[in-house]
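Novice: Pasting work_23.tsv below, which is TSV, C-alpha atoms.
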```tsv
chain	number	residue	atom	x	y	z
A	1	MET	CA	0.00	0.00	0.00
A	2	ALA	CA	1.28	3.44	-0.89
A	3	GLY	CA	2.21	5.67	2.03
A	4	ASP	CA	-0.41	8.26	1.09
A	5	GLU	CA	-3.15	5.64	1.04
A	6	GLY	CA	-2.07	4.32	4.43
A	7	SER	CA	-2.03	7.75	6.06
A	8	SER	CA	-5.41	8.51	4.48
A	9	PHE	CA	-6.74	5.30	6.08
A	10	SER	CA	-5.37	6.41	9.46
A	11	ARG	CA	-6.89	9.87	9.04
A	12	ASP	CA	-10.26	8.31	8.17
A	13	SER	CA	-10.01	6.11	11.26
A	14	MET	CA	-9.28	9.11	13.47
A	15	ARG	CA	-12.09	11.09	11.86
A	16	PHE	CA	-14.51	8.24	12.42
A	17	PHE	CA	-13.48	7.86	16.05
A	18	GLY	CA	-13.99	11.61	16.51
A	19	THR	CA	-17.42	11.59	14.82
A	20	VAL	CA	-18.72	8.74	16.96
A	21	SER	CA	-17.25	10.15	20.18
A	22	ALA	CA	-18.70	13.61	19.51
A	23	SER	CA	-22.13	12.14	18.79
A	24	ALA	CA	-22.08	10.06	21.99
A	25	THR	CA	-21.01	12.99	24.16
A	26	HIS	CA	-23.72	15.13	22.57
A	27	ASP	CA	-26.31	12.53	23.54
A	28	LEU	CA	-24.87	12.38	27.02
A	29	LYS	CA	-25.07	16.15	27.37
A	30	ASN	CA	-28.78	15.92	26.54
A	31	VAL	CA	-29.22	13.31	29.27
A	32	LEU	CA	-27.51	15.62	31.77
A	33	ALA	CA	-29.69	18.53	30.63
A	34	VAL	CA	-32.84	16.48	31.31
A	35	ILE	CA	-31.53	15.42	34.74
A	36	GLN	CA	-30.74	19.08	35.48
A	37	GLU	CA	-34.29	20.11	34.50
A	38	ASN	CA	-35.73	17.35	36.68
A	39	ALA	CA	-33.68	18.56	39.63
A	40	GLY	CA	-34.81	22.11	38.87
A	41	LEU	CA	-38.44	20.99	38.77
A	42	LEU	CA	-38.03	19.30	42.17
A	43	GLU	CA	-36.64	22.58	43.48
A	44	ASP	CA	-39.61	24.47	41.98
A	45	LEU	CA	-42.07	22.06	43.64
A	46	CYS	CA	-40.32	22.47	47.03
A	47	ARG	CA	-40.44	26.26	46.74
A	48	MET	CA	-44.13	26.13	45.83
A	49	ALA	CA	-44.72	23.85	48.85
A	50	GLU	CA	-42.99	26.41	51.06
A	51	ARG	CA	-45.51	28.95	49.79
A	52	GLY	CA	-48.40	26.66	50.71
A	53	ARG	CA	-49.06	24.57	47.60
A	54	PRO	CA	-49.30	20.91	48.68
A	55	LEU	CA	-46.72	18.46	47.31
A	56	ASP	CA	-48.26	15.83	45.06
A	57	PRO	CA	-46.64	12.43	45.85
A	58	GLY	CA	-47.72	11.11	42.42
A	59	ARG	CA	-45.86	13.96	40.71
A	60	LEU	CA	-42.75	13.27	42.79
A	61	MET	CA	-42.94	9.58	41.91
A	62	ARG	CA	-43.15	10.40	38.18
A	63	LEU	CA	-40.10	12.61	38.55
A	64	ALA	CA	-38.20	9.79	40.27
A	65	VAL	CA	-39.14	7.43	37.42
A	66	GLU	CA	-38.01	10.01	34.89
A	67	LEU	CA	-34.66	10.39	36.64
A	68	GLN	CA	-34.15	6.62	36.67
A	69	GLN	CA	-34.98	6.46	32.94
A	70	GLN	CA	-32.43	9.15	32.18
A	71	VAL	CA	-29.77	7.39	34.24
A	72	ARG	CA	-30.45	4.17	32.27
A	73	ARG	CA	-30.28	6.14	29.01
A	74	GLY	CA	-26.96	7.68	30.07
A	75	ASP	CA	-25.64	4.29	31.14
A	76	ARG	CA	-26.44	2.80	27.71
A	77	ILE	CA	-24.53	5.60	26.01
A	78	VAL	CA	-21.51	5.40	28.33
A	79	SER	CA	-21.38	1.59	28.06
A	80	ALA	CA	-21.53	1.77	24.26
A	81	MET	CA	-18.84	4.45	24.18
A	82	ASN	CA	-16.65	2.35	26.47
A	83	ARG	CA	-17.01	-0.71	24.20
A	84	PHE	CA	-16.36	1.43	21.15
A	85	ALA	CA	-13.19	2.89	22.73
A	86	HIS	CA	-11.95	-0.63	23.51
A	87	SER	CA	-12.59	-1.68	19.91
A	88	VAL	CA	-9.45	0.33	19.09
A	89	ASP	CA	-7.15	-0.64	21.94
A	90	GLU	CA	-7.97	-4.36	22.20
A	91	GLU	CA	-6.42	-7.03	20.03
A	92	PRO	CA	-8.79	-8.42	17.38
A	93	LYS	CA	-10.78	-11.27	18.88
A	94	ALA	CA	-13.82	-13.46	18.26
A	95	LEU	CA	-16.46	-10.92	17.46
A	96	ASP	CA	-20.00	-11.54	18.68
A	97	ALA	CA	-22.42	-10.42	15.97
A	98	ALA	CA	-25.31	-9.76	18.38
A	99	GLY	CA	-23.17	-7.54	20.63
A	100	LEU	CA	-21.88	-5.67	17.61
A	101	LEU	CA	-25.40	-4.98	16.33
A	102	GLU	CA	-26.53	-3.74	19.76
A	103	LEU	CA	-23.50	-1.46	19.92
A	104	LEU	CA	-24.14	-0.06	16.45
A	105	ALA	CA	-27.80	0.57	17.30
A	106	VAL	CA	-26.80	2.85	20.20
A	107	LEU	CA	-23.90	4.56	18.44
A	108	SER	CA	-25.68	5.27	15.16
A	109	ALA	CA	-29.04	6.35	16.64
A	110	ARG	CA	-28.23	10.05	16.64
A	111	PHE	CA	-26.55	10.03	13.24
A	112	LEU	CA	-29.57	8.30	11.65
A	113	ALA	CA	-32.10	10.40	13.58
A	114	ALA	CA	-30.46	13.50	12.09
A	115	LYS	CA	-31.57	12.14	8.72
A	116	GLY	CA	-35.05	11.32	10.04
A	117	LEU	CA	-34.28	7.58	10.12
A	118	GLN	CA	-34.42	4.78	12.66
A	119	LEU	CA	-32.33	1.63	12.79
A	120	GLN	CA	-33.98	-1.71	13.44
A	121	THR	CA	-31.63	-4.55	14.26
A	122	THR	CA	-32.28	-8.27	13.91
A	123	LEU	CA	-29.94	-10.39	15.99
A	124	PRO	CA	-28.71	-13.78	14.76
A	125	ALA	CA	-30.99	-16.67	15.68
A	126	ALA	CA	-28.00	-18.55	17.10
A	127	PRO	CA	-24.72	-17.21	18.53
A	128	ALA	CA	-22.51	-16.09	15.65
A	129	SER	CA	-18.93	-14.93	15.92
A	130	LEU	CA	-15.81	-14.48	13.85
A	131	PRO	CA	-12.25	-13.36	14.65
A	132	ALA	CA	-12.04	-9.80	13.34
A	133	SER	CA	-11.16	-6.27	14.30
A	134	PRO	CA	-14.33	-4.82	15.89
A	135	PHE	CA	-13.25	-1.27	15.06
A	136	LEU	CA	-12.86	-1.99	11.35
A	137	LEU	CA	-16.12	-3.92	11.19
A	138	ILE	CA	-18.01	-1.13	12.97
A	139	ARG	CA	-16.51	1.32	10.47
A	140	LEU	CA	-17.49	-0.85	7.51
A	141	LEU	CA	-21.07	-1.32	8.70
A	142	TRP	CA	-21.32	2.38	9.55
A	143	SER	CA	-20.05	3.42	6.12
A	144	CYS	CA	-22.59	1.10	4.47
A	145	LEU	CA	-25.40	2.45	6.67
A	146	GLU	CA	-24.32	6.00	5.81
A	147	ARG	CA	-24.39	5.21	2.09
A	148	ALA	CA	-27.74	3.40	2.37
A	149	ALA	CA	-29.21	6.39	4.23
A	150	SER	CA	-28.01	8.74	1.49
A	151	LEU	CA	-29.88	6.68	-1.13
A	152	GLY	CA	-33.18	7.46	0.60
A	153	CYS	CA	-35.33	5.21	2.77
A	154	PRO	CA	-39.02	5.22	1.80
A	155	ALA	CA	-40.21	3.79	5.14
A	156	LYS	CA	-37.74	5.91	7.16
A	157	ILE	CA	-36.38	2.71	8.71
A	158	LEU	CA	-33.10	0.98	7.95
A	159	GLU	CA	-32.83	-2.65	8.97
A	160	LEU	CA	-29.55	-4.25	9.95
A	161	ALA	CA	-29.52	-8.00	10.45
A	162	GLY	CA	-26.68	-10.33	11.37
A	163	GLU	CA	-26.47	-14.04	10.72
A	164	SER	CA	-24.09	-16.98	10.43
A	165	ALA	CA	-22.97	-17.69	6.89
A	166	GLY	CA	-21.27	-21.04	6.88
A	167	GLU	CA	-18.20	-20.57	9.06
A	168	GLY	CA	-18.33	-16.83	8.56
A	169	LEU	CA	-20.73	-13.97	9.18
A	170	ALA	CA	-23.14	-12.00	7.02
A	171	PHE	CA	-24.85	-8.68	7.69
A	172	ARG	CA	-27.83	-7.45	5.70
A	173	ILE	CA	-28.90	-3.82	5.36
A	174	ARG	CA	-32.43	-3.32	4.04
A	175	GLY	CA	-34.86	-0.48	3.56
A	176	PHE	CA	-32.96	1.85	1.23
A	177	ALA	CA	-34.01	2.84	-2.27
A	178	PRO	CA	-32.28	0.43	-4.68
A	179	PRO	CA	-29.40	2.14	-6.45
A	180	SER	CA	-28.51	1.67	-10.06
A	181	GLY	CA	-25.08	0.06	-10.15
A	182	ALA	CA	-25.81	-2.15	-7.13
A	183	ALA	CA	-22.87	-2.79	-4.81
A	184	ALA	CA	-20.60	-0.56	-6.89
A	185	VAL	CA	-22.48	2.39	-5.38
A	186	PHE	CA	-21.36	1.29	-1.93
A	187	LEU	CA	-17.83	0.54	-3.09
A	188	SER	CA	-17.43	3.91	-4.81
A	189	ALA	CA	-15.98	5.31	-1.56
A	190	ALA	CA	-12.28	4.53	-1.15
A	191	GLU	CA	-12.83	4.17	2.59
A	192	THR	CA	-15.34	1.34	2.09
A	193	ARG	CA	-13.08	-0.42	-0.42
A	194	ASN	CA	-10.14	-0.23	1.98
A	195	LEU	CA	-12.22	-1.58	4.84
A	196	CYS	CA	-13.43	-4.50	2.69
A	197	THR	CA	-9.81	-5.26	1.84
A	198	ALA	CA	-8.73	-5.10	5.46
A	199	LEU	CA	-11.52	-7.37	6.63
A	200	GLY	CA	-11.62	-9.67	3.61
A	201	ALA	CA	-15.28	-8.69	3.25
A	202	ALA	CA	-17.40	-8.83	0.10
A	203	LEU	CA	-20.40	-6.61	-0.66
A	204	ALA	CA	-23.32	-7.61	-2.85
A	205	CYS	CA	-26.71	-6.08	-3.57
A	206	SER	CA	-29.64	-8.47	-3.93
A	207	SER	CA	-31.79	-8.21	-7.03
A	208	GLY	CA	-34.92	-7.40	-4.99
A	209	PRO	CA	-35.79	-4.14	-3.27
A	210	GLY	CA	-32.83	-2.40	-1.60
A	211	GLU	CA	-30.77	-4.95	0.26
A	212	LEU	CA	-27.01	-5.01	0.76
A	213	VAL	CA	-25.25	-8.15	1.97
A	214	ILE	CA	-21.86	-7.84	3.63
A	215	ARG	CA	-20.14	-11.22	3.87
A	216	LEU	CA	-17.14	-11.95	6.06
A	217	PRO	CA	-15.75	-15.37	5.23
A	218	ALA	CA	-14.12	-17.41	7.94
A	219	GLY	CA	-10.44	-18.24	7.84
A	220	SER	CA	-9.31	-15.15	6.03
A	221	PRO	CA	-6.16	-13.90	7.76
A	222	ARG	CA	-7.22	-10.41	6.68
A	223	ALA	CA	-10.20	-10.57	8.99
A	224	VAL	CA	-8.06	-10.17	12.09
A	225	THR	CA	-5.93	-7.24	10.94
A	226	ARG	CA	-6.49	-3.64	11.90
A	227	ASP	CA	-4.89	-1.99	8.97
A	228	PRO	CA	-5.25	-2.60	5.21
A	229	ARG	CA	-1.47	-2.29	4.79
A	230	GLU	CA	-1.02	-5.29	7.06
A	231	ALA	CA	-3.84	-7.12	5.27
A	232	ARG	CA	-2.21	-6.60	1.90
A	233	ASP	CA	1.20	-7.61	3.21
A	234	ARG	CA	-0.29	-10.84	4.49
A	235	ALA	CA	-2.12	-11.44	1.23
A	236	GLY	CA	1.21	-10.97	-0.56
A	237	GLU	CA	2.90	-13.53	1.68
A	238	GLU	CA	0.16	-16.07	0.89
A	239	THR	CA	0.55	-15.76	-2.84
B	240	MET	CA	-49.43	40.19	30.12
B	241	THR	CA	-48.08	36.62	29.95
B	242	GLU	CA	-45.12	35.93	27.71
B	243	LYS	CA	-45.74	33.24	25.12
B	244	VAL	CA	-42.88	30.91	24.30
B	245	LEU	CA	-42.30	28.06	21.87
B	246	ILE	CA	-39.83	25.31	22.89
B	247	VAL	CA	-38.36	23.42	19.91
B	248	ASP	CA	-36.29	20.36	20.83
B	249	ASP	CA	-36.21	16.77	19.55
B	250	ASP	CA	-35.66	15.44	23.09
B	251	GLU	CA	-39.16	14.76	24.41
B	252	ALA	CA	-38.17	14.61	28.09
B	253	PHE	CA	-36.23	17.89	27.94
B	254	ARG	CA	-39.08	19.64	26.11
B	255	ARG	CA	-41.75	18.41	28.53
B	256	ILE	CA	-39.91	19.27	31.76
B	257	LEU	CA	-38.67	22.66	30.59
B	258	ALA	CA	-42.25	23.47	29.53
B	259	GLU	CA	-43.54	22.56	32.99
B	260	ARG	CA	-40.92	24.75	34.67
B	261	MET	CA	-41.79	27.67	32.38
B	262	ARG	CA	-45.51	27.23	33.16
B	263	ASN	CA	-44.65	27.27	36.89
B	264	ARG	CA	-43.24	30.73	36.14
B	265	GLN	CA	-46.56	31.82	34.60
B	266	LEU	CA	-45.37	31.68	31.00
B	267	GLU	CA	-47.64	30.39	28.23
B	268	VAL	CA	-45.81	27.52	26.56
B	269	GLN	CA	-46.13	25.45	23.42
B	270	THR	CA	-43.71	22.79	22.23
B	271	ALA	CA	-42.55	21.37	18.91
B	272	SER	CA	-40.41	18.29	18.30
B	273	SER	CA	-38.92	19.48	15.00
B	274	ALA	CA	-38.06	22.62	13.09
B	275	ALA	CA	-40.76	21.81	10.52
B	276	GLU	CA	-43.43	21.63	13.24
B	277	ALA	CA	-42.16	24.89	14.74
B	278	LEU	CA	-42.32	26.65	11.35
B	279	GLU	CA	-45.96	25.61	10.99
B	280	LEU	CA	-46.76	26.92	14.46
B	281	ILE	CA	-45.12	30.32	14.01
B	282	GLU	CA	-47.14	30.84	10.84
B	283	LYS	CA	-50.36	30.46	12.81
B	284	GLU	CA	-49.42	32.03	16.13
B	285	THR	CA	-47.31	34.80	17.57
B	286	PHE	CA	-44.65	33.88	20.13
B	287	ASP	CA	-42.61	36.29	22.19
B	288	ALA	CA	-39.64	33.92	22.06
B	289	VAL	CA	-38.65	30.68	20.38
B	290	LEU	CA	-36.24	28.43	22.31
B	291	LEU	CA	-34.52	26.50	19.57
B	292	ASP	CA	-32.27	23.45	19.85
B	293	LEU	CA	-29.29	23.78	17.56
B	294	MET	CA	-28.92	20.12	16.59
B	295	MET	CA	-32.16	18.57	15.39
B	296	PRO	CA	-33.09	15.86	12.89
B	297	GLU	CA	-33.69	16.79	9.25
B	298	MET	CA	-33.39	20.57	9.70
B	299	ASP	CA	-30.87	22.06	12.11
B	300	GLY	CA	-31.44	25.14	14.21
B	301	ILE	CA	-29.48	27.53	11.97
B	302	GLU	CA	-31.59	26.65	8.92
B	303	ALA	CA	-34.74	26.85	11.05
B	304	LEU	CA	-33.72	30.35	12.25
B	305	LYS	CA	-33.30	31.54	8.64
B	306	ARG	CA	-36.74	30.25	7.67
B	307	MET	CA	-38.41	31.64	10.80
B	308	LEU	CA	-37.01	35.11	10.12
B	309	GLU	CA	-38.18	34.89	6.50
B	310	LYS	CA	-41.71	34.11	7.67
B	311	ARG	CA	-41.73	36.44	10.67
B	312	PRO	CA	-38.80	38.86	10.90
B	313	GLU	CA	-39.83	39.90	14.41
B	314	THR	CA	-39.23	36.37	15.78
B	315	GLN	CA	-36.90	36.38	18.79
B	316	VAL	CA	-34.89	33.16	18.76
B	317	ILE	CA	-32.84	31.93	21.71
B	318	PHE	CA	-30.62	28.97	20.87
B	319	LEU	CA	-30.16	26.20	23.43
B	320	THR	CA	-27.31	23.84	22.71
B	321	GLY	CA	-25.49	20.98	24.37
B	322	HIS	CA	-22.15	21.79	22.80
B	323	PRO	CA	-21.85	25.51	22.11
B	324	SER	CA	-19.09	26.50	19.72
B	325	VAL	CA	-17.91	30.05	19.17
B	326	SER	CA	-18.29	29.79	15.38
B	327	GLN	CA	-21.89	28.54	15.61
B	328	GLY	CA	-22.68	31.20	18.19
B	329	VAL	CA	-21.27	33.94	15.97
B	330	GLU	CA	-23.17	32.61	12.95
B	331	ALA	CA	-26.43	32.43	14.91
B	332	MET	CA	-26.06	35.98	16.24
B	333	LYS	CA	-25.11	37.32	12.79
B	334	LEU	CA	-28.24	35.74	11.36
B	335	GLY	CA	-30.36	37.49	13.97
B	336	ALA	CA	-30.65	35.20	17.00
B	337	LEU	CA	-31.25	36.96	20.31
B	338	ASP	CA	-28.96	34.70	22.36
B	339	PHE	CA	-27.04	31.44	22.39
B	340	ILE	CA	-27.28	29.57	25.69
B	341	PRO	CA	-25.52	26.32	26.66
B	342	LYS	CA	-27.43	23.40	28.19
B	343	PRO	CA	-28.07	22.76	31.03
B	344	VAL	CA	-29.93	26.03	31.33
B	345	ASP	CA	-30.68	28.26	34.29
B	346	VAL	CA	-34.46	28.60	34.02
B	347	ASN	CA	-34.65	31.85	35.95
B	348	GLU	CA	-32.05	33.40	33.65
B	349	LEU	CA	-33.93	32.01	30.65
B	350	THR	CA	-37.23	33.42	31.90
B	351	GLU	CA	-35.61	36.85	32.19
B	352	LYS	CA	-34.26	36.47	28.64
B	353	ILE	CA	-37.76	35.64	27.40
B	354	ARG	CA	-39.09	38.83	28.99
B	355	GLN	CA	-36.38	40.76	27.13
B	356	ALA	CA	-37.38	38.92	23.96
B	357	ARG	CA	-40.96	40.09	24.34
B	358	ALA	CA	-39.81	43.70	24.73
B	359	GLY	CA	-37.61	43.28	21.64
B	360	ARG	CA	-40.42	41.81	19.57
B	361	LEU	CA	-42.86	44.58	20.52
B	362	LEU	CA	-40.23	47.21	19.69
B	363	PHE	CA	-39.62	45.61	16.29
B	364	VAL	CA	-43.35	45.54	15.50
B	365	GLU	CA	-43.79	49.15	16.61
B	366	LYS	CA	-40.88	50.28	14.44
B	367	LYS	CA	-42.31	48.44	11.43
B	368	ASN	CA	-45.74	50.00	12.04
B	369	ARG	CA	-44.19	53.49	12.20
B	370	GLU	CA	-42.33	52.90	8.94
B	371	LYS	CA	-45.55	51.71	7.32
B	372	LEU	CA	-47.43	54.76	8.58
B	373	LYS	CA	-44.70	57.08	7.27
B	374	ARG	CA	-44.93	55.43	3.87
B	375	LEU	CA	-48.71	55.83	3.86
B	376	LEU	CA	-48.40	59.50	4.79
B	377	GLY	CA	-45.79	59.96	2.08
B	378	GLU	CA	-43.09	61.23	4.42
```
Step by step, read the file and then write its structure as structure tokens.
Specialist:
Amino acid sequence: MAGDEGSSFSRDSMRFFGTVSASATHDLKNVLAVIQENAGLLEDLCRMAERGRPLDPGRLMRLAVELQQQVRRGDRIVSAMNRFAHSVDEEPKALDAAGLLELLAVLSARFLAAKGLQLQTTLPAAPASLPASPFLLIRLLWSCLERAASLGCPAKILELAGESAGEGLAFRIRGFAPPSGAAAVFLSAAETRNLCTALGAALACSSGPGELVIRLPAGSPRAVTRDPREARDRAGEET
Amino acid sequence: MTEKVLIVDDDEAFRRILAERMRNRQLEVQTASSAAEALELIEKETFDAVLLDLMMPEMDGIEALKRMLEKRPETQVIFLTGHPSVSQGVEAMKLGALDFIPKPVDVNELTEKIRQARAGRLLFVEKKNREKLKRLLGE
């Protein structure tokens, strides 16, 4: 791989990490803002009680429930961000498809909502895993979701499903308007092509209404690398 | 007279609780979950202030501000944002926003700002009416 291409890949990785982190912290700030308003409302109710307006226990209970909901919401975001951060610093390992889909659902919610879309995930019927770099796979699925969203989604819902495919894994994205040029539309971005190379992944569009299939075959040494330069070096050694 | 305010935020919980706190301060409040819904509302009704989230689905706050001022130039928009940046703040103020406030907000400070917004809106309307009268009188 040429040096320029490698540094571009690193820049894209950094940019992606920044985008996801910024989105998660934005969500978290909203959670804190709601908790702050709840605390403020409790203060208002206490002040009104001091002036003679009786405290309504039902109202206080609803506020307590609201606070607990916000704490759970914040916990989901922090947990997802923690797993995402570790996707960079941990060695590639057996990747659980269900966990990956749940992580993507939390991380991409804001990005898709900004386009008026929702993500529906379908977990594999049976446990499915594959040794791969979680960071690269998250990036690949994200880039495909981003492209699918840009094609337009008539029902305003994108579906992401994971399943076993022989010894490997397959992910399906559905709900986008079918492009002319099929998978080439998704592969037109250099970033997506590089990620496919690094992971040994193949993209294909089905002939029916908008569906993209991302296949990760088992046994490919590329699947466990973090960097396409390393993947290509290994591929060179094999041949 | 009671100030009338429109809260525009895609976060349902934030919108609902802030509205309740504003009502506790005797303000008349309506809410909208998107910029598009807010634009429909300001066509039908007059608000003393619009509290606008900067980051919203489909249409962000800056674009919403532009369209609101096209429809009703007297609209007094106060931006509320989780992550204020100087460049966004400058852009918002240049476009005609009244203020740019970071979340979490101090409701008492915000209520005071809304009262200022009402004064600003009435002044704008009065100025426009005077200009119209001058034109009619041929001055």
Novice: Any idea which chain B residues end up within 7 Å of chain A if we count only C-alpha atoms, as number ranges by chain please?
Specialist: B: 252-253, 256-257, 260, 295-297, 321-322, 342-343
Novice: Within 9 Å of Leu203 in chain A, counting all atoms listed in the file, which residues qualify if same-chain residues fewer than 6 places away don't, as a list in words?
Specialist: Ala183, Ala184, Phe186, Leu187, Cys196, Leu212, Val213, Ile214 and Arg215 of chain A
Novice: What does the distance between CA of Arg59 in chain A and CA of Glu259 in chain B come to in Å, to one decimal place?
Specialist: 11.8 Å
Novice: Interatomic distance between CA of Ile340 in chain B and CA of Phe318 in chain B?
Specialist: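 Atom-to-atom, CA of Ile340 in chain B to CA of Phe318 in chain B, that is 5.9 Å.
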Novice: Could you check how far CA of Ile157 in chain A sits from CA of Phe9 in chain A, in Å to one decimal?
Specialist: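 These two atoms are separated by 29.9 Å.
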